[in-house]
file upload-v2.pdb (PDB, C-alpha atoms)
ATOM      1  CA  MET U   1     115.914  91.332  75.578
ATOM      2  CA  LYS U   2     113.417  88.595  74.817
ATOM      3  CA  ILE U   3     111.336  87.109  77.628
ATOM      4  CA  GLU U   4     113.071  83.772  77.100
ATOM      5  CA  GLU U   5     116.334  85.406  78.169
ATOM      6  CA  ILE U   6     114.734  87.405  81.003
ATOM      7  CA  ILE U   7     113.508  84.059  82.376
ATOM      8  CA  LYS U   8     117.099  82.792  82.578
ATOM      9  CA  VAL U   9     118.592  86.016  83.955
ATOM     10  CA  ILE U  10     116.152  86.418  86.849
ATOM     11  CA  GLU U  11     115.243  82.745  87.345
ATOM     12  CA  CYS U  12     111.561  82.793  86.445
ATOM     13  CA  LYS U  13     108.793  80.261  86.096
ATOM     14  CA  VAL U  14     106.180  80.983  83.432
ATOM     15  CA  ILE U  15     102.692  81.247  84.955
ATOM     16  CA  THR U  16     100.882  81.991  81.702
ATOM     17  CA  GLY U  17     101.634  83.264  78.199
ATOM     18  CA  GLU U  18     104.001  80.567  76.837
ATOM     19  CA  LYS U  19     102.982  81.737  73.357
ATOM     20  CA  TYR U  20     104.366  85.237  73.841
ATOM     21  CA  LEU U  21     107.888  84.497  75.035
ATOM     22  CA  ASP U  22     109.441  86.114  71.980
ATOM     23  CA  LYS U  23     108.257  89.594  73.065
ATOM     24  CA  ASP U  24     111.254  91.891  73.241
ATOM     25  CA  PHE U  25     111.921  94.475  75.989
ATOM     26  CA  THR U  26     114.340  97.337  76.573
ATOM     27  CA  GLN U  27     112.574  98.926  79.566
ATOM     28  CA  VAL U  28     111.712  97.766  83.073
ATOM     29  CA  LEU U  29     109.425  99.239  85.684
ATOM     30  CA  ALA U  30     109.612  98.131  89.325
ATOM     31  CA  ALA U  31     106.618  99.059  91.500
ATOM     32  CA  ASP U  32     104.234  97.646  94.059
ATOM     33  CA  LEU U  33     102.021 100.699  93.845
ATOM     34  CA  MET U  34      99.760 100.566  90.797
ATOM     35  CA  SER U  35      99.195 104.334  91.001
ATOM     36  CA  ASP U  36     102.918 104.752  90.262
ATOM     37  CA  VAL U  37     102.670 102.441  87.262
ATOM     38  CA  LEU U  38      99.777 104.531  85.918
ATOM     39  CA  ALA U  39     101.576 107.815  86.575
ATOM     40  CA  TYR U  40     105.155 107.159  85.518
ATOM     41  CA  THR U  41     105.344 104.328  82.983
ATOM     42  CA  ASP U  42     106.272 104.619  79.355
ATOM     43  CA  PRO U  43     104.261 102.234  77.166
ATOM     44  CA  GLY U  44     105.829  98.885  76.342
ATOM     45  CA  ALA U  45     107.801  98.115  79.517
ATOM     46  CA  ILE U  46     107.952  94.894  81.537
ATOM     47  CA  LEU U  47     106.683  95.332  85.117
ATOM     48  CA  LEU U  48     108.365  93.814  88.187
ATOM     49  CA  THR U  49     105.967  93.827  91.133
ATOM     50  CA  GLY U  50     105.038  92.165  94.391
ATOM     51  CA  LEU U  51     101.325  92.899  93.986
ATOM     52  CA  ARG U  52      99.712  89.601  93.028
ATOM     53  CA  ASN U  53      96.041  90.569  92.630
ATOM     54  CA  VAL U  54      94.030  91.286  89.475
ATOM     55  CA  GLN U  55      94.752  95.024  89.699
ATOM     56  CA  SER U  56      98.325  94.296  88.576
ATOM     57  CA  VAL U  57      96.963  92.936  85.281
ATOM     58  CA  ILE U  58      94.264  95.590  84.761
ATOM     59  CA  THR U  59      96.840  98.330  85.426
ATOM     60  CA  SER U  60      99.262  96.720  82.983
ATOM     61  CA  HIS U  61      96.578  96.453  80.311
ATOM     62  CA  VAL U  62      95.529 100.098  80.789
ATOM     63  CA  ALA U  63      99.120 101.438  80.872
ATOM     64  CA  GLU U  64     100.315  99.142  78.076
ATOM     65  CA  VAL U  65     102.789  97.197  80.137
ATOM     66  CA  ARG U  66     103.422  94.083  78.001
ATOM     67  CA  ALA U  67     104.538  91.513  80.598
ATOM     68  CA  ILE U  68     104.619  91.102  84.383
ATOM     69  CA  VAL U  69     107.183  89.443  86.662
ATOM     70  CA  TYR U  70     106.039  88.759  90.227
ATOM     71  CA  VAL U  71     109.118  88.928  92.455
ATOM     72  CA  ARG U  72     109.947  87.315  95.828
ATOM     73  CA  GLY U  73     108.487  84.020  94.573
ATOM     74  CA  LYS U  74     104.951  85.381  94.466
ATOM     75  CA  VAL U  75     102.339  83.821  92.237
ATOM     76  CA  PRO U  76      99.390  85.866  90.910
ATOM     77  CA  ASP U  77      95.879  84.907  92.010
ATOM     78  CA  SER U  78      93.523  83.017  89.675
ATOM     79  CA  GLU U  79      91.563  86.117  88.653
ATOM     80  CA  ALA U  80      94.811  87.816  87.589
ATOM     81  CA  ILE U  81      95.865  84.768  85.542
ATOM     82  CA  LYS U  82      92.468  84.562  83.818
ATOM     83  CA  LEU U  83      92.522  88.228  82.793
ATOM     84  CA  ALA U  84      96.155  88.027  81.646
ATOM     85  CA  GLU U  85      95.218  85.148  79.338
ATOM     86  CA  GLN U  86      92.409  87.252  77.822
ATOM     87  CA  LYS U  87      94.641  90.298  77.393
ATOM     88  CA  LYS U  88      97.630  88.261  76.140
ATOM     89  CA  ILE U  89      99.948  89.520  78.880
ATOM     90  CA  PRO U  90     102.565  86.913  79.879
ATOM     91  CA  LEU U  91     102.990  86.417  83.639
ATOM     92  CA  LEU U  92     106.213  85.166  85.209
ATOM     93  CA  SER U  93     107.281  84.475  88.768
ATOM     94  CA  SER U  94     110.862  85.066  89.923
ATOM     95  CA  ARG U  95     112.201  83.717  93.197
ATOM     96  CA  LEU U  96     114.511  86.762  93.467
ATOM     97  CA  SER U  97     113.985  89.929  95.499
ATOM     98  CA  MET U  98     112.971  93.099  93.694
ATOM     99  CA  PHE U  99     116.465  94.574  94.176
ATOM    100  CA  GLU U 100     118.334  91.534  92.888
ATOM    101  CA  ALA U 101     115.986  91.101  89.897
ATOM    102  CA  CYS U 102     116.314  94.773  88.893
ATOM    103  CA  GLY U 103     120.092  94.680  89.368
ATOM    104  CA  ARG U 104     120.569  91.661  87.137
ATOM    105  CA  LEU U 105     118.382  93.136  84.364
ATOM    106  CA  PHE U 106     120.195  96.485  84.564
ATOM    107  CA  GLU U 107     123.513  94.669  84.298
ATOM    108  CA  LYS U 108     122.280  93.029  81.096
ATOM    109  CA  GLY U 109     121.503  96.416  79.557
ATOM    110  CA  LEU U 110     117.802  96.906  80.327
ATOM    111  CA  ARG U 111     116.886 100.416  81.464
ATOM    112  CA  SER U 112     114.185 102.264  83.365
ATOM    113  CA  GLY U 113     110.687 102.255  81.902
ATOM    114  CA  SER U 114     109.741 105.151  84.123
ATOM    115  CA  ASN U 115     109.395 108.580  82.561
ATOM    116  CA  LEU U 116     110.870 110.095  85.756
ATOM    117  CA  GLU U 117     114.333 109.557  84.260
ATOM    118  CA  ALA U 118     113.426 111.314  81.012
ATOM    119  CA  PRO U 119     115.671 114.335  80.287
TER
ATOM    120  CA  MET K  20      87.327 121.149  65.625
ATOM    121  CA  ASN K  21      84.694 118.638  64.577
ATOM    122  CA  ASP K  22      81.969 118.272  67.194
ATOM    123  CA  ASP K  23      79.952 115.456  65.605
ATOM    124  CA  VAL K  24      79.497 112.751  68.209
ATOM    125  CA  LEU K  25      80.871 109.467  66.864
ATOM    126  CA  PHE K  26      79.995 107.447  69.895
ATOM    127  CA  SER K  27      78.392 107.955  73.271
ATOM    128  CA  LYS K  28      77.547 105.529  76.013
ATOM    129  CA  GLU K  29      76.695 105.468  79.724
ATOM    130  CA  PHE K  30      78.233 103.062  82.193
ATOM    131  CA  SER K  31      77.722 102.395  85.863
ATOM    132  CA  VAL K  32      80.355 101.893  88.576
ATOM    133  CA  VAL K  33      79.412 100.504  91.983
ATOM    134  CA  GLY K  34      81.274 101.575  95.123
ATOM    135  CA  LYS K  35      83.186  98.913  97.101
ATOM    136  CA  ASP K  36      82.784  96.449  94.223
ATOM    137  CA  PHE K  37      86.502  95.701  94.166
ATOM    138  CA  SER K  38      86.134  92.533  92.095
ATOM    139  CA  ASN K  39      84.786  94.519  89.116
ATOM    140  CA  ALA K  40      87.089  97.512  89.557
ATOM    141  CA  GLY K  41      88.552  98.399  86.182
ATOM    142  CA  THR K  42      85.947  96.776  83.933
ATOM    143  CA  VAL K  43      84.443 100.076  82.722
ATOM    144  CA  SER K  44      87.890 101.480  81.887
ATOM    145  CA  THR K  45      88.830  98.296  80.042
ATOM    146  CA  GLU K  46      85.621  98.514  78.013
ATOM    147  CA  ILE K  47      86.150 102.209  77.244
ATOM    148  CA  LYS K  48      89.730 101.465  76.169
ATOM    149  CA  ALA K  49      88.470  98.792  73.751
ATOM    150  CA  ILE K  50      85.805 101.165  72.336
ATOM    151  CA  LEU K  51      88.306 103.990  71.737
ATOM    152  CA  LYS K  52      90.745 101.591  70.085
ATOM    153  CA  GLU K  53      87.935 100.243  67.890
ATOM    154  CA  ILE K  54      86.942 103.791  66.845
ATOM    155  CA  GLY K  55      90.541 104.204  65.716
ATOM    156  CA  PHE K  56      92.000 106.887  67.984
ATOM    157  CA  ASP K  57      95.786 107.151  68.162
ATOM    158  CA  ARG K  58      97.160 104.685  70.708
ATOM    159  CA  LEU K  59      98.657 107.422  72.899
ATOM    160  CA  ILE K  60      95.254 109.123  73.076
ATOM    161  CA  VAL K  61      93.621 105.791  73.952
ATOM    162  CA  ARG K  62      96.245 105.171  76.628
ATOM    163  CA  ARG K  63      95.825 108.613  78.213
ATOM    164  CA  ALA K  64      92.033 108.248  78.262
ATOM    165  CA  ALA K  65      92.256 104.723  79.707
ATOM    166  CA  ILE K  66      94.680 105.753  82.459
ATOM    167  CA  ALA K  67      92.585 108.777  83.503
ATOM    168  CA  CYS K  68      89.414 106.698  83.357
ATOM    169  CA  TYR K  69      90.884 103.874  85.453
ATOM    170  CA  GLU K  70      92.085 106.289  88.142
ATOM    171  CA  ALA K  71      88.605 107.853  88.268
ATOM    172  CA  GLU K  72      86.947 104.427  88.356
ATOM    173  CA  MET K  73      89.186 103.332  91.256
ATOM    174  CA  ASN K  74      88.260 106.519  93.129
ATOM    175  CA  VAL K  75      84.565 105.640  92.790
ATOM    176  CA  VAL K  76      85.139 102.020  93.860
ATOM    177  CA  MET K  77      87.210 103.118  96.854
ATOM    178  CA  TYR K  78      85.196 106.089  98.096
ATOM    179  CA  ALA K  79      81.740 106.539  96.519
ATOM    180  CA  LYS K  80      78.416 104.673  96.560
ATOM    181  CA  HIS K  81      78.030 104.584  92.825
ATOM    182  CA  ALA K  82      78.691 106.636  89.718
ATOM    183  CA  VAL K  83      77.357 107.184  86.256
ATOM    184  CA  VAL K  84      80.100 107.365  83.657
ATOM    185  CA  ARG K  85      79.427 109.085  80.335
ATOM    186  CA  LEU K  86      81.734 108.603  77.388
ATOM    187  CA  SER K  87      81.408 110.879  74.407
ATOM    188  CA  ALA K  88      83.785 110.683  71.473
ATOM    189  CA  THR K  89      83.972 113.085  68.541
ATOM    190  CA  PRO K  90      86.529 112.844  65.703
ATOM    191  CA  THR K  91      88.747 115.272  67.627
ATOM    192  CA  SER K  92      88.107 114.555  71.301
ATOM    193  CA  VAL K  93      87.328 112.015  74.001
ATOM    194  CA  LYS K  94      85.207 113.341  76.848
ATOM    195  CA  ILE K  95      84.614 111.253  79.964
ATOM    196  CA  GLU K  96      82.363 112.303  82.797
ATOM    197  CA  PHE K  97      82.086 110.684  86.244
ATOM    198  CA  GLN K  98      79.118 111.748  88.336
ATOM    199  CA  ASP K  99      79.105 110.002  91.680
ATOM    200  CA  GLU K 100      76.957 109.867  94.744
ATOM    201  CA  GLY K 101      79.263 109.707  97.725
ATOM    202  CA  PRO K 102      81.033 111.563 100.495
ATOM    203  CA  GLY K 103      82.392 114.306  98.233
ATOM    204  CA  ILE K 104      85.783 115.940  98.657
ATOM    205  CA  ALA K 105      86.061 118.584 101.380
ATOM    206  CA  ASP K 106      89.102 120.322  99.920
ATOM    207  CA  VAL K 107      89.531 119.738  96.189
ATOM    208  CA  ASP K 108      92.778 121.731  96.004
ATOM    209  CA  LEU K 109      94.286 119.491  98.669
ATOM    210  CA  ALA K 110      93.077 116.334  96.889
ATOM    211  CA  LEU K 111      94.794 117.564  93.729
ATOM    212  CA  GLN K 112      98.162 117.573  95.499
ATOM    213  CA  GLU K 113     100.238 114.462  94.892
ATOM    214  CA  GLY K 114     100.528 112.295  97.963
ATOM    215  CA  TRP K 115      97.460 113.575  99.790
ATOM    216  CA  SER K 116      95.198 110.629 100.543
ATOM    217  CA  THR K 117      92.526 109.346 102.894
ATOM    218  CA  ALA K 118      92.927 105.727 101.767
ATOM    219  CA  THR K 119      92.415 102.763 104.074
ATOM    220  CA  PRO K 120      94.849  99.822 104.376
ATOM    221  CA  GLU K 121      92.445  97.733 102.236
ATOM    222  CA  MET K 122      92.761 100.241  99.392
ATOM    223  CA  ARG K 123      96.530 100.298  99.709
ATOM    224  CA  GLU K 124      96.611  96.498  99.484
ATOM    225  CA  MET K 125      94.995  96.861  96.068
ATOM    226  CA  GLY K 126      97.989  98.960  94.978
ATOM    227  CA  PHE K 127      96.066 102.232  95.187
ATOM    228  CA  GLY K 128      95.407 105.029  97.624
ATOM    229  CA  ALA K 129      98.741 106.804  97.329
ATOM    230  CA  GLY K 130      97.231 110.185  96.598
ATOM    231  CA  MET K 131      98.120 109.994  92.917
ATOM    232  CA  GLY K 132      94.671 109.559  91.374
ATOM    233  CA  LEU K 133      93.315 113.052  90.754
ATOM    234  CA  PRO K 134      96.728 114.548  89.892
ATOM    235  CA  ASN K 135      97.260 111.749  87.382
ATOM    236  CA  ILE K 136      93.823 112.290  85.804
ATOM    237  CA  LYS K 137      94.662 115.982  85.445
ATOM    238  CA  ARG K 138      98.072 115.185  83.963
ATOM    239  CA  ASN K 139      96.569 112.926  81.286
ATOM    240  CA  ALA K 140      93.700 115.266  80.375
ATOM    241  CA  ASP K 141      93.749 118.405  78.228
ATOM    242  CA  ASP K 142      90.671 119.828  79.952
ATOM    243  CA  PHE K 143      89.824 118.941  83.534
ATOM    244  CA  ASP K 144      86.985 120.132  85.708
ATOM    245  CA  ILE K 145      85.900 118.927  89.135
ATOM    246  CA  ASN K 146      83.055 119.991  91.394
ATOM    247  CA  SER K 147      82.395 118.345  94.692
ATOM    248  CA  GLU K 148      79.885 118.761  97.453
ATOM    249  CA  VAL K 149      80.491 117.142 100.828
ATOM    250  CA  GLY K 150      77.795 114.591 101.638
ATOM    251  CA  LYS K 151      76.467 114.544  98.073
ATOM    252  CA  GLY K 152      79.151 113.612  95.600
ATOM    253  CA  THR K 153      81.688 114.564  93.006
ATOM    254  CA  HIS K 154      81.321 115.518  89.367
ATOM    255  CA  LEU K 155      84.451 115.068  87.304
ATOM    256  CA  ILE K 156      84.733 115.875  83.604
ATOM    257  CA  PHE K 157      87.877 115.468  81.568
ATOM    258  CA  THR K 158      88.610 115.711  77.871
ATOM    259  CA  ILE K 159      91.504 114.514  75.801
ATOM    260  CA  HIS K 160      91.953 116.310  72.504
ATOM    261  CA  ALA K 161      92.794 114.103  69.578
ATOM    262  CA  ASP K 162      93.611 116.873  67.135
ATOM    263  CA  GLY K 163      96.903 117.994  68.678
ATOM    264  CA  GLU K 164     100.426 116.701  68.218
ATOM    265  CA  ASN K 165      99.502 113.355  69.783
ATOM    266  CA  GLY K 166      96.247 113.119  67.864
TER
END
call {"tool": "encode", "arguments": {"input": "upload-v2.pdb", "output": "structure tokens"}}
result
Amino acid sequence: MKIEEIIKVIECKVITGEKYLDKDFTQVLAADLMSDVLAYTDPGAILLTGLRNVQSVITSHVAEVRAIVYVRGKVPDSEAIKLAEQKKIPLLSSRLSMFEACGRLFEKGLRSGSNLEAP
Amino acid sequence: MNDDVLFSKEFSVVGKDFSNAGTVSTEIKAILKEIGFDRLIVRRAAIACYEAEMNVVMYAKHAVVRLSATPTSVKIEFQDEGPGIADVDLALQEGWSTATPEMREMGFGAGMGLPNIKRNADDFDINSEVGKGTHLIFTIHADGENG
């Protein structure tokens, strides 16, 4: 699913990365703990998180998460936005709760980006 | 195995410097990518390095980080001056942590760091002395199936 569609499905505002809205995703990771992102993520997923500081962007860059959605209406801090611009990682903000956002994306066919579900 | 060193560099990480946490790992990731290592090797090295860097920022006074890349391996060494780890076996268990609320607010301190470094490395060695510091060396081989 392209980011443009994700924006509609989970009611997002674009914080930065307008240029990269044609990135396509099949996998989602939901985590507030960056250690979990580093430990359990397959490369290429979109991250849903409530952690709005710069560590969310550094972790995504290191683990090759390609876009971030801040849930519960959160907006990343300025340091996070600046780094995301440098690393070309689009940042979105959804007014939805983590549960609702994940549920809607699952319903549309997106699946877990965590390697915990791997056979 | 080809042991010729393609690239080596030393970096410095300062404890409690939360605003720069992650900069060394980001730089090392860029270097390894530039050298031309497979992206999965780069990712594993970057993840292990970032976990180790966060450990230094959260717990130690400072650390010297040594990167050494050969055509078939990436070796990263963290030598820190800090409190050390009283029970290394315990620290290697997932979920064991002495993190403060401040560290948890950063999204870290869940007791996943050392186990995750070990998981991403092919060779892993740690020596720690309480009151002095910790010496961590890990290597990722780039000549295997993911190389």
call {"tool": "resolve_selection", "arguments": {"input": "upload-v2.pdb", "expression": "the PyMOL selection byres ((chain U and resi 90) around 8)", "output": "list in words"}}
result
Val14, Ile15, Thr16, Gly17, Glu18, Tyr20, Leu21, Arg66, Ala67, Ile68, Ala84, Glu85, Lys88, Ile89, Leu91 and Leu92 of chain U
call {"tool": "write_last_selection", "arguments": {"input": "upload-v2.pdb", "atoms": "C-alpha atoms", "output": "tab-separated table (two decimals), in the frame of the given file"}}
result
chain	number	residue	atom	x	y	z
U	14	VAL	CA	106.18	80.98	83.43
U	15	ILE	CA	102.69	81.25	84.96
U	16	THR	CA	100.88	81.99	81.70
U	17	GLY	CA	101.63	83.26	78.20
U	18	GLU	CA	104.00	80.57	76.84
U	20	TYR	CA	104.37	85.24	73.84
U	21	LEU	CA	107.89	84.50	75.04
U	66	ARG	CA	103.42	94.08	78.00
U	67	ALA	CA	104.54	91.51	80.60
U	68	ILE	CA	104.62	91.10	84.38
U	84	ALA	CA	96.16	88.03	81.65
U	85	GLU	CA	95.22	85.15	79.34
U	88	LYS	CA	97.63	88.26	76.14
U	89	ILE	CA	99.95	89.52	78.88
U	91	LEU	CA	102.99	86.42	83.64
U	92	LEU	CA	106.21	85.17	85.21
call {"tool": "interface_residues", "arguments": {"input": "upload-v2.pdb", "of": "chain K", "to": "chain U", "cutoff": "6 Å", "atoms": "all atoms listed in the file", "output": "NGL selection string"}}
result
:K and (65-66 or 126-127 or 135)
call {"tool": "write_last_selection", "arguments": {"input": "upload-v2.pdb", "atoms": "C-alpha atoms", "output": "JSON list (two decimals), in the frame of the given file"}}
result
[["chain", "number", "residue", "atom", "x", "y", "z"],
["K", 65, "ALA", "CA", 92.26, 104.72, 79.71],
["K", 66, "ILE", "CA", 94.68, 105.75, 82.46],
["K", 126, "GLY", "CA", 97.99, 98.96, 94.98],
["K", 127, "PHE", "CA", 96.07, 102.23, 95.19],
["K", 135, "ASN", "CA", 97.26, 111.75, 87.38]]
call {"tool": "atom_distance", "arguments": {"input": "upload-v2.pdb", "atom1": "atom CA of U:Phe99", "atom2": "atom CA of U:Thr49"}}
result
11.0 Å
call {"tool": "residues_around", "arguments": {"input": "upload-v2.pdb", "residues": "U:Ser93", "least_positions_apart": "2", "cutoff": "8 Å", "atoms": "all atoms listed in the file", "output": "number ranges by chain"}}
result
U: 12-15, 69-71, 73-75, 91, 95
call {"tool": "resolve_selection", "arguments": {"input": "upload-v2.pdb", "expression": "the PyMOL selection byres ((chain K and resi 33-43) around 7)", "output": "PyMOL selection string"}}
result
(chain U and resi 58) or (chain K and resi 30-32+44-47+69+72-73+75-82)
call {"tool": "residues_around", "arguments": {"input": "upload-v2.pdb", "residues": "K:Thr89", "least_positions_apart": "6", "cutoff": "7 Å", "atoms": "all atoms listed in the file", "output": "list in words"}}
result
Asn21, Asp22, Asp23, Val24 and Leu25 of chain K
call {"tool": "write_last_selection", "arguments": {"input": "upload-v2.pdb", "atoms": "C-alpha atoms", "output": "tab-separated table (two decimals), in the frame of the given file"}}
result
chain	number	residue	atom	x	y	z
K	21	ASN	CA	84.69	118.64	64.58
K	22	ASP	CA	81.97	118.27	67.19
K	23	ASP	CA	79.95	115.46	65.60
K	24	VAL	CA	79.50	112.75	68.21
K	25	LEU	CA	80.87	109.47	66.86
call {"tool": "build_atoms", "arguments": {"input": "upload-v2.pdb", "residues": "stretch 82-107 of chain U", "atoms": "N, CA and C atoms", "output": "JSON list (two decimals), in the coordinates of the input"}}
result
[["chain", "number", "residue", "atom", "x", "y", "z"],
["U", 82, "LYS", "N", 93.55, 84.64, 84.81],
["U", 82, "LYS", "CA", 92.47, 84.56, 83.82],
["U", 82, "LYS", "C", 92.45, 85.82, 82.93],
["U", 83, "LEU", "N", 92.55, 86.98, 83.56],
["U", 83, "LEU", "CA", 92.52, 88.23, 82.79],
["U", 83, "LEU", "C", 93.77, 88.37, 81.91],
["U", 84, "ALA", "N", 94.91, 87.93, 82.43],
["U", 84, "ALA", "CA", 96.16, 88.03, 81.65],
["U", 84, "ALA", "C", 96.06, 87.17, 80.38],
["U", 85, "GLU", "N", 95.40, 86.02, 80.51],
["U", 85, "GLU", "CA", 95.22, 85.15, 79.34],
["U", 85, "GLU", "C", 94.38, 85.86, 78.29],
["U", 86, "GLN", "N", 93.28, 86.50, 78.75],
["U", 86, "GLN", "CA", 92.41, 87.25, 77.82],
["U", 86, "GLN", "C", 93.16, 88.39, 77.15],
["U", 87, "LYS", "N", 93.97, 89.10, 77.91],
["U", 87, "LYS", "CA", 94.64, 90.30, 77.39],
["U", 87, "LYS", "C", 96.01, 89.99, 76.79],
["U", 88, "LYS", "N", 96.37, 88.71, 76.76],
["U", 88, "LYS", "CA", 97.63, 88.26, 76.14],
["U", 88, "LYS", "C", 98.85, 88.90, 76.80],
["U", 89, "ILE", "N", 98.80, 88.98, 78.13],
["U", 89, "ILE", "CA", 99.95, 89.52, 78.88],
["U", 89, "ILE", "C", 100.64, 88.34, 79.58],
["U", 90, "PRO", "N", 101.89, 88.02, 79.20],
["U", 90, "PRO", "CA", 102.56, 86.91, 79.88],
["U", 90, "PRO", "C", 102.88, 87.25, 81.34],
["U", 91, "LEU", "N", 102.70, 86.25, 82.21],
["U", 91, "LEU", "CA", 102.99, 86.42, 83.64],
["U", 91, "LEU", "C", 104.10, 85.45, 84.04],
["U", 92, "LEU", "N", 105.10, 85.98, 84.75],
["U", 92, "LEU", "CA", 106.21, 85.17, 85.21],
["U", 92, "LEU", "C", 106.36, 85.33, 86.71],
["U", 93, "SER", "N", 107.00, 84.34, 87.34],
["U", 93, "SER", "CA", 107.28, 84.48, 88.77],
["U", 93, "SER", "C", 108.77, 84.23, 88.99],
["U", 94, "SER", "N", 109.43, 85.20, 89.64],
["U", 94, "SER", "CA", 110.86, 85.07, 89.92],
["U", 94, "SER", "C", 111.05, 84.85, 91.42],
["U", 95, "ARG", "N", 111.97, 83.97, 91.77],
["U", 95, "ARG", "CA", 112.20, 83.72, 93.20],
["U", 95, "ARG", "C", 113.03, 84.85, 93.82],
["U", 96, "LEU", "N", 113.60, 85.72, 92.97],
["U", 96, "LEU", "CA", 114.51, 86.76, 93.47],
["U", 96, "LEU", "C", 113.77, 87.92, 94.14],
["U", 97, "SER", "N", 114.53, 88.69, 94.93],
["U", 97, "SER", "CA", 113.98, 89.93, 95.50],
["U", 97, "SER", "C", 113.88, 90.97, 94.40],
["U", 98, "MET", "N", 113.12, 92.01, 94.66],
["U", 98, "MET", "CA", 112.97, 93.10, 93.69],
["U", 98, "MET", "C", 114.35, 93.69, 93.35],
["U", 99, "PHE", "N", 115.16, 93.94, 94.38],
["U", 99, "PHE", "CA", 116.46, 94.57, 94.18],
["U", 99, "PHE", "C", 117.37, 93.72, 93.29],
["U", 100, "GLU", "N", 117.45, 92.44, 93.64],
["U", 100, "GLU", "CA", 118.33, 91.53, 92.89],
["U", 100, "GLU", "C", 117.85, 91.40, 91.43],
["U", 101, "ALA", "N", 116.53, 91.26, 91.25],
["U", 101, "ALA", "CA", 115.99, 91.10, 89.90],
["U", 101, "ALA", "C", 116.28, 92.34, 89.05],
["U", 102, "CYS", "N", 116.04, 93.52, 89.63],
["U", 102, "CYS", "CA", 116.31, 94.77, 88.89],
["U", 102, "CYS", "C", 117.80, 94.89, 88.57],
["U", 103, "GLY", "N", 118.65, 94.57, 89.55],
["U", 103, "GLY", "CA", 120.09, 94.68, 89.37],
["U", 103, "GLY", "C", 120.59, 93.81, 88.23],
["U", 104, "ARG", "N", 120.11, 92.57, 88.19],
["U", 104, "ARG", "CA", 120.57, 91.66, 87.14],
["U", 104, "ARG", "C", 120.11, 92.15, 85.76],
["U", 105, "LEU", "N", 118.89, 92.66, 85.67],
["U", 105, "LEU", "CA", 118.38, 93.14, 84.36],
["U", 105, "LEU", "C", 119.12, 94.40, 83.93],
["U", 106, "PHE", "N", 119.44, 95.26, 84.88],
["U", 106, "PHE", "CA", 120.20, 96.48, 84.56],
["U", 106, "PHE", "C", 121.57, 96.10, 84.02],
["U", 107, "GLU", "N", 122.19, 95.13, 84.69],
["U", 107, "GLU", "CA", 123.51, 94.67, 84.30],
["U", 107, "GLU", "C", 123.52, 94.14, 82.86]]
